[in-house]
Number of protein chains: 2
Amino acid sequence: MVSLVELIARKRDGGELAPEEIHRVIHAFMAGEMADYQMSSLLMAVFQRGMSDAETVALTEAMLRSGKVIDLSHIPGIKVDKHSTGGVGDKVSLSLVPIVAACGVPVPMVSGRGLGHTGGTLDKLEAIPGFRVDLDVDRFAATVRDLGGCMIGQTAEIAPADKRIYALRDVTATVESVPLIVASILSKKLAEGIDALVLDVKVGKGAFMKDIDRARTLAHALVRVGTRAGKRVVALLTRMEEPLGRTVGNALETREAIDLLFGRAPADLVECTEALAVEMILLGGKAESRERALAMVRDSIRTGSAARKMEKLIEAHGGDPRVVQSTDLLPKAPLVETVKAKASGWVSAIDALEIGLCAVALGAGRTRADQAVDPAVGIVIGAAHGSRVEAGDTLAELHVRSGQQADAVRDRVAKAFRLESAAPAPKSLVLERIES
Amino acid sequence: MVSLVELIARKRDGGELAPEEIHRVIHAFMAGEMADYQMSSLLMAVFQRGMSDAETVALTEAMLRSGKVIDLSHIPGIKVDKHSTGGVGDKVSLSLVPIVAACGVPVPMVSGRGLGHTGGTLDKLEAIPGFRVDLDVDRFAATVRDLGGCMIGQTAEIAPADKRIYALRDVTATVESVPLIVASILSKKLAEGIDALVLDVKVGKGAFMKDIDRARTLAHALVRVGTRAGKRVVALLTRMEEPLGRTVGNALETREAIDLLFGRAPADLVECTEALAVEMILLGGKAESRERALAMVRDSIRTGSAARKMEKLIEAHGGDPRVVQSTDLLPKAPLVETVKAKASGWVSAIDALEIGLCAVALGAGRTRADQAVDPAVGIVIGAAHGSRVEAGDTLAELHVRSGQQADAVRDRVAKAFRLESAAPAPKSLVLERIES
């Protein structure tokens, strides 16, 4: 049997590892027979040399099997989840779960926390008073069965190999590798007991993938590998140049996600949510056509069934369901300051990365995984992309704890808005759709 | 200041690190601020992307400065050492130090132990009863001053960063990288307080570098980087297809090295030793011409001054100097078995790698750094390259502890000899000479 060092050497030289060799590597790593320094050298070799689809499938399955795979087979229906590669103002999951559940498709969702300029679903949910994201696996399964949806955080039981490997990648400059990203995402998602998955691969300044070619490569790899692993997978490439919707910050975003359930949300957020919901309903087999699926989504909002589903979900998670009818119950920052336009013009760009970083600076996000976030603070976009502003008009609101906090980011927020003399051409949010 | 992770990422993407950044990396690693897993990911990135000469010089100097640099500036003369990349039967250092010292050039030598199929100078010296290779730095300097030579092992004080990094490379498949090899060799050699260095870069089946192109690349890099680090450096590429000389195994090789001091050694070993000695004497400024240097080498043997120097060196190391006149005092295996030719023919090849591995199997070498070696066992080549044998003639002697030991390697040793119907063309041992 070849040694672990020989396996590293083979990948180093561009060779391919057999599925059983990849399983051996992950098993040895989790058993303490392969040291962190050996794994990180293999990760760098993978970064440089890539992995075939067969290798990526094996890595995904090995990481998946390092922990518990939730069994939802006793729940009728095709279980569908959504994963986003992360963006600024991306609160889509919060509206999507109640909408899709209300349309009859079970949604078992395991989400993450924010890190760096991108926010996380768990932080947004925790802005709801009492909301617990740490339900155990049995409660998770029961909630999916009873309500058609549940939203928890990654437990220690789910893909622990991914957790350890991701922690290593983060400190060894091996994050941005397509096969490693694919295996990390899919191992966690496959552990949820899903049958199908919709991927929202964000592209642009505020996203992990800055250009469309790399995003497309990642999306194709996710779809191919997920399909080979036996799941139905669809990916949408969506624009992440500007923040999604009008809010960045946990309670602010939760409010906007609830507003969407009442038909009161900005067009870009609606477009993104509807596009993903349609894919989930189609994969879930609850509609025969795209048109029918879209009608179901809109009906769930018009009839209030999505909002009612949201109330029940919040209740199941120990949260206060009254926030759905009264978003004023969400945490609020004591001070709201405005950032004003110094000149007139058309808003032709809003730098999502800068807005995201400013929100982190206000305390809405974290730069290290062990930091707490302030649920109340954040930024509200006053002048959306494509709108006309006159000098002195409000570009953005800063929801802050103090005037100093606001002063520290005011200029950066103002500069994140690019004003031009002509109106920008409207741009579609969904750029491409990829399926196997 | 950029983070360590950003430095890894830059090398990962093929960028160059500034000298002060490389110094920072090594300092952080030794201070415990950079983890092993971060270093191994950087090492794999270096393996894939290489290093410029400026980077390699900086790495060499950073590793050098991680420990003590021996100061021999109070000793008159140009201090010259030799380093071999390692081969089978390579006992050259043992004769070279007394010869070159007898010719008036001080040789401060820090050597290593055998690992895998290649032997190590320290193991061979320790075959001499009482010989200590662990003199401290002060004794080392005093012995170089008084006798013109000294041969110790790498102490914990010399280039500790190299020691830790080499241990990591060994288990992370990052050994065979030219800049890492260069920095490892030169950091240790530069720590000895030398002014000039002769490198014996072995090429062929029994060597680390199997083909001449890779060996040449390594030799050129060693010469360039050593020169940039302020030393005079010459490299010889020498053949390592067959074992060097007739013996493989510690006491056997020590005996052959002593025999050379009395003019009783095989031609290939003499050629290699003379070529390296000439370079050292020229670098040491003790001869104006190659011819003169060679005459000095041969004089040191003819007059017995090299043998007398060997006696004094052994004495200074606590060993029994009588072994020089009576090599029978060296450890001897209890049993000598012969491997006989099954057919007649000309010896056209003797596989050095196989002979080396068989010697390890007999106990002469080690497969792990913590193993002990048996000084007495080994293999003596009976039928040299280019000689004629008849069926039944002795190909090799196995110096062993038991008949079982011999039986375990007999066939492999026999098969290491290739017999052909025509005499092979004689081949030069020194293939190329490279200087800056």
# chains A, B, ... in the order shown; residues from 1 in each chain; ligands from 1
call {"tool": "interface_residues", "arguments": {"of": "chain A", "to": "chain B", "cutoff": "12 Å", "atoms": "only C-alpha atoms", "output": "PyMOL selection string"}}
result
chain A and resi 3-14+34-49+165+167-177
call {"tool": "select_by_dssp", "arguments": {"residues": "range 7-245 of chain A", "states": "strand (DSSP E or B)", "output": "VMD selection string"}}
result
chain A and resid 80 to 84 107 to 111 115 118 149 to 153 196 to 203 209 232 to 239
call {"tool": "write_last_selection", "arguments": {"atoms": "C-alpha atoms", "output": "PDB file, in the first residue's frame"}}
result
ATOM      1  CA  VAL A  80     -34.586  20.681  -1.643  1.00  0.00           C
ATOM      2  CA  ASP A  81     -32.122  23.164  -0.192  1.00  0.00           C
ATOM      3  CA  LYS A  82     -30.427  26.288  -1.474  1.00  0.00           C
ATOM      4  CA  HIS A  83     -26.832  27.369  -0.973  1.00  0.00           C
ATOM      5  CA  SER A  84     -25.398  30.785  -1.713  1.00  0.00           C
ATOM      6  CA  VAL A 107     -36.514  22.626   2.848  1.00  0.00           C
ATOM      7  CA  PRO A 108     -33.934  21.258   5.313  1.00  0.00           C
ATOM      8  CA  MET A 109     -31.380  24.081   5.580  1.00  0.00           C
ATOM      9  CA  VAL A 110     -28.036  24.106   7.390  1.00  0.00           C
ATOM     10  CA  SER A 111     -26.527  27.589   7.209  1.00  0.00           C
ATOM     11  CA  LEU A 115     -17.266  36.180   7.995  1.00  0.00           C
ATOM     12  CA  THR A 118     -20.361  38.744   3.702  1.00  0.00           C
ATOM     13  CA  GLY A 149     -38.619  23.699   6.721  1.00  0.00           C
ATOM     14  CA  CYS A 150     -35.971  24.288   9.351  1.00  0.00           C
ATOM     15  CA  MET A 151     -32.851  26.479   9.531  1.00  0.00           C
ATOM     16  CA  ILE A 152     -30.010  25.372  11.781  1.00  0.00           C
ATOM     17  CA  GLY A 153     -26.257  25.877  12.014  1.00  0.00           C
ATOM     18  CA  ALA A 196     -31.848  18.253  -4.703  1.00  0.00           C
ATOM     19  CA  LEU A 197     -29.964  21.517  -4.386  1.00  0.00           C
ATOM     20  CA  VAL A 198     -30.170  24.975  -5.902  1.00  0.00           C
ATOM     21  CA  LEU A 199     -26.950  26.951  -5.880  1.00  0.00           C
ATOM     22  CA  ASP A 200     -26.765  30.711  -5.972  1.00  0.00           C
ATOM     23  CA  VAL A 201     -23.246  31.434  -7.217  1.00  0.00           C
ATOM     24  CA  LYS A 202     -22.676  35.139  -6.696  1.00  0.00           C
ATOM     25  CA  VAL A 203     -20.491  37.052  -9.143  1.00  0.00           C
ATOM     26  CA  MET A 209     -15.868  35.029  -7.202  1.00  0.00           C
ATOM     27  CA  ARG A 232     -30.303  16.950  -8.789  1.00  0.00           C
ATOM     28  CA  VAL A 233     -28.482  20.244  -8.864  1.00  0.00           C
ATOM     29  CA  VAL A 234     -29.182  23.571 -10.554  1.00  0.00           C
ATOM     30  CA  ALA A 235     -26.991  26.646 -10.249  1.00  0.00           C
ATOM     31  CA  LEU A 236     -27.842  30.290 -10.948  1.00  0.00           C
ATOM     32  CA  LEU A 237     -25.098  32.839 -11.459  1.00  0.00           C
ATOM     33  CA  THR A 238     -26.373  36.095  -9.937  1.00  0.00           C
ATOM     34  CA  ARG A 239     -24.961  39.616  -9.891  1.00  0.00           C
TER      35      ARG A 239
END
call {"tool": "atom_distance", "arguments": {"atom1": "CA of Pro129 in chain A", "atom2": "CA of Ala352 in chain A"}}
result
28.0 Å
call {"tool": "residues_around", "arguments": {"residues": "Ile185 in chain A", "least_positions_apart": "5", "cutoff": "9 Å", "atoms": "only C-alpha atoms", "output": "list in words"}}
result
Thr60, His83, Thr85, Asp162, Leu180, Leu190 and Leu222 of chain A
call {"tool": "write_last_selection", "arguments": {"atoms": "N, CA, C and O atoms", "output": "mmCIF file, in the first residue's frame"}}
result
data_model
loop_
_atom_site.group_PDB
_atom_site.id
_atom_site.type_symbol
_atom_site.label_atom_id
_atom_site.label_comp_id
_atom_site.auth_asym_id
_atom_site.auth_seq_id
_atom_site.Cartn_x
_atom_site.Cartn_y
_atom_site.Cartn_z
ATOM 1 N N THR A 60 -15.714 14.785 -1.575
ATOM 2 C CA THR A 60 -17.009 15.195 -1.022
ATOM 3 C C THR A 60 -17.589 14.073 -0.162
ATOM 4 O O THR A 60 -18.016 14.303 0.980
ATOM 5 N N HIS A 83 -28.074 26.875 -1.558
ATOM 6 C CA HIS A 83 -26.832 27.369 -0.973
ATOM 7 C C HIS A 83 -26.355 28.573 -1.769
ATOM 8 O O HIS A 83 -26.355 28.552 -2.996
ATOM 9 N N THR A 85 -23.095 31.254 -2.363
ATOM 10 C CA THR A 85 -21.666 31.389 -2.090
ATOM 11 C C THR A 85 -21.373 32.660 -1.297
ATOM 12 O O THR A 85 -20.225 32.892 -0.926
ATOM 13 N N ASP A 162 -14.771 18.435 7.021
ATOM 14 C CA ASP A 162 -14.820 19.732 6.329
ATOM 15 C C ASP A 162 -14.471 20.853 7.281
ATOM 16 O O ASP A 162 -13.738 21.773 6.927
ATOM 17 N N LEU A 180 -11.764 22.125 -3.870
ATOM 18 C CA LEU A 180 -11.896 22.189 -2.409
ATOM 19 C C LEU A 180 -13.167 22.929 -2.008
ATOM 20 O O LEU A 180 -13.841 22.547 -1.042
ATOM 21 N N LEU A 190 -24.934 17.729 1.394
ATOM 22 C CA LEU A 190 -25.384 16.345 1.238
ATOM 23 C C LEU A 190 -25.665 15.691 2.592
ATOM 24 O O LEU A 190 -26.450 14.748 2.681
ATOM 25 N N LEU A 222 -19.741 22.470 -9.366
ATOM 26 C CA LEU A 222 -20.719 22.128 -8.333
ATOM 27 C C LEU A 222 -21.841 21.268 -8.917
ATOM 28 O O LEU A 222 -22.261 20.270 -8.326
#
call {"tool": "atom_distance", "arguments": {"atom1": "CA of Ala191 in chain A", "atom2": "CA of Ile78 in chain A"}}
result
15.1 Å
call {"tool": "residues_around", "arguments": {"residues": "Val133 in chain A", "least_positions_apart": "6", "cutoff": "12 Å", "atoms": "only C-alpha atoms", "output": "PyMOL selection string"}}
result
chain A and resi 109-113+121-127+139-140+150-155+313-319
call {"tool": "write_last_selection", "arguments": {"atoms": "N, CA and C atoms", "output": "JSON list (two decimals), in the first residue's frame"}}
result
[["chain", "number", "residue", "atom", "x", "y", "z"],
["A", 109, "MET", "N", -32.48, 23.16, 5.87],
["A", 109, "MET", "CA", -31.38, 24.08, 5.58],
["A", 109, "MET", "C", -30.39, 24.17, 6.74],
["A", 110, "VAL", "N", -29.11, 23.90, 6.42],
["A", 110, "VAL", "CA", -28.04, 24.11, 7.39],
["A", 110, "VAL", "C", -27.21, 25.28, 6.89],
["A", 111, "SER", "N", -27.17, 26.34, 7.66],
["A", 111, "SER", "CA", -26.53, 27.59, 7.21],
["A", 111, "SER", "C", -25.29, 27.91, 8.01],
["A", 112, "GLY", "N", -24.62, 29.00, 7.59],
["A", 112, "GLY", "CA", -23.40, 29.43, 8.27],
["A", 112, "GLY", "C", -23.54, 30.83, 8.83],
["A", 113, "ARG", "N", -22.45, 31.27, 9.43],
["A", 113, "ARG", "CA", -22.38, 32.62, 9.98],
["A", 113, "ARG", "C", -21.61, 33.53, 9.03],
["A", 121, "THR", "N", -26.66, 33.70, 7.31],
["A", 121, "THR", "CA", -28.07, 33.49, 7.63],
["A", 121, "THR", "C", -28.30, 33.33, 9.13],
["A", 122, "LEU", "N", -27.41, 32.60, 9.81],
["A", 122, "LEU", "CA", -27.62, 32.36, 11.24],
["A", 122, "LEU", "C", -27.63, 33.66, 12.04],
["A", 123, "ASP", "N", -26.72, 34.58, 11.69],
["A", 123, "ASP", "CA", -26.66, 35.86, 12.41],
["A", 123, "ASP", "C", -27.96, 36.64, 12.20],
["A", 124, "LYS", "N", -28.49, 36.56, 11.00],
["A", 124, "LYS", "CA", -29.73, 37.30, 10.69],
["A", 124, "LYS", "C", -30.90, 36.70, 11.45],
["A", 125, "LEU", "N", -30.98, 35.37, 11.47],
["A", 125, "LEU", "CA", -32.07, 34.71, 12.21],
["A", 125, "LEU", "C", -31.99, 35.04, 13.70],
["A", 126, "GLU", "N", -30.77, 35.09, 14.23],
["A", 126, "GLU", "CA", -30.62, 35.35, 15.66],
["A", 126, "GLU", "C", -30.97, 36.78, 16.05],
["A", 127, "ALA", "N", -31.18, 37.64, 15.05],
["A", 127, "ALA", "CA", -31.68, 38.98, 15.36],
["A", 127, "ALA", "C", -33.12, 38.90, 15.85],
["A", 139, "ARG", "N", -34.71, 17.24, 16.33],
["A", 139, "ARG", "CA", -35.64, 18.38, 16.26],
["A", 139, "ARG", "C", -35.65, 18.94, 14.84],
["A", 140, "PHE", "N", -34.48, 18.98, 14.24],
["A", 140, "PHE", "CA", -34.36, 19.47, 12.87],
["A", 140, "PHE", "C", -35.25, 18.65, 11.94],
["A", 150, "CYS", "N", -36.69, 24.05, 8.10],
["A", 150, "CYS", "CA", -35.97, 24.29, 9.35],
["A", 150, "CYS", "C", -34.62, 24.90, 8.98],
["A", 151, "MET", "N", -34.09, 25.75, 9.85],
["A", 151, "MET", "CA", -32.85, 26.48, 9.53],
["A", 151, "MET", "C", -31.90, 26.42, 10.71],
["A", 152, "ILE", "N", -30.94, 25.50, 10.66],
["A", 152, "ILE", "CA", -30.01, 25.37, 11.78],
["A", 152, "ILE", "C", -28.58, 25.68, 11.33],
["A", 153, "GLY", "N", -27.67, 25.70, 12.31],
["A", 153, "GLY", "CA", -26.26, 25.88, 12.01],
["A", 153, "GLY", "C", -25.58, 24.54, 11.88],
["A", 154, "GLN", "N", -24.36, 24.55, 11.29],
["A", 154, "GLN", "CA", -23.61, 23.30, 11.15],
["A", 154, "GLN", "C", -23.26, 22.77, 12.54],
["A", 155, "THR", "N", -23.68, 21.56, 12.85],
["A", 155, "THR", "CA", -23.35, 20.99, 14.14],
["A", 155, "THR", "C", -21.99, 20.29, 14.04],
["A", 313, "LEU", "N", -42.33, 28.78, 11.68],
["A", 313, "LEU", "CA", -40.90, 28.43, 11.71],
["A", 313, "LEU", "C", -40.21, 29.12, 12.89],
["A", 314, "ILE", "N", -40.49, 30.40, 13.05],
["A", 314, "ILE", "CA", -39.86, 31.16, 14.14],
["A", 314, "ILE", "C", -40.26, 30.55, 15.48],
["A", 315, "GLU", "N", -41.53, 30.22, 15.60],
["A", 315, "GLU", "CA", -42.02, 29.59, 16.82],
["A", 315, "GLU", "C", -41.27, 28.27, 17.10],
["A", 316, "ALA", "N", -41.11, 27.48, 16.06],
["A", 316, "ALA", "CA", -40.44, 26.18, 16.22],
["A", 316, "ALA", "C", -38.98, 26.36, 16.67],
["A", 317, "HIS", "N", -38.40, 27.50, 16.33],
["A", 317, "HIS", "CA", -37.02, 27.77, 16.70],
["A", 317, "HIS", "C", -36.93, 28.54, 18.02],
["A", 318, "GLY", "N", -38.08, 28.67, 18.71],
["A", 318, "GLY", "CA", -38.05, 29.34, 20.01],
["A", 318, "GLY", "C", -38.08, 30.86, 19.92],
["A", 319, "GLY", "N", -38.31, 31.38, 18.71],
["A", 319, "GLY", "CA", -38.31, 32.83, 18.55],
["A", 319, "GLY", "C", -39.69, 33.43, 18.73]]
call {"tool": "select_by_dssp", "arguments": {"residues": "range 33-278 of chain B", "states": "helix (DSSP H, G or I)", "output": "number ranges by chain"}}
result
B: 36-49, 53-64, 92-102, 121-125, 137-147, 160-171, 178-190, 212-228, 250-261, 267-278
call {"tool": "residues_around", "arguments": {"residues": "Phe417 in chain B", "least_positions_apart": "3", "cutoff": "6 Å", "atoms": "only C-alpha atoms", "output": "MDAnalysis selection string"}}
result
chainID B and resid 349:350 414
call {"tool": "atom_distance", "arguments": {"atom1": "CA of Gly365 in chain B", "atom2": "CA of Ala219 in chain B"}}
result
26.3 Å
call {"tool": "closest_residue", "arguments": {"among": "B:Asp136, B:Glu311, B:Asp146, B:Glu241", "to": "Pro98 in chain B", "atoms": "only C-alpha atoms"}}
result
B:Glu311
call {"tool": "closest_residue", "arguments": {"among": "A:Leu395, A:Val223, A:Leu17, A:Leu147", "to": "Val2 in chain A", "atoms": "only C-alpha atoms"}}
result
A:Leu17
call {"tool": "residues_around", "arguments": {"residues": "Ser344 in chain B", "least_positions_apart": "3", "cutoff": "8 Å", "atoms": "only C-alpha atoms", "output": "PyMOL selection string"}}
result
chain B and resi 341+388-391+419
call {"tool": "closest_residue", "arguments": {"among": "A:Gly116, A:Gly304, A:Pro243, A:Pro331", "to": "Gly206 in chain A", "atoms": "only C-alpha atoms"}}
result
A:Pro243
call {"tool": "residues_around", "arguments": {"residues": "Ile26 in chain B", "least_positions_apart": "3", "cutoff": "8 Å", "atoms": "only C-alpha atoms", "output": "number ranges by chain"}}
result
B: 22-23, 29-30, 59, 62-63, 66, 161
call {"tool": "closest_residue", "arguments": {"among": "A:Glu20, A:Asp259, A:Asp411, A:Glu242", "to": "Gln325 in chain A", "atoms": "only C-alpha atoms"}}
result
A:Asp259
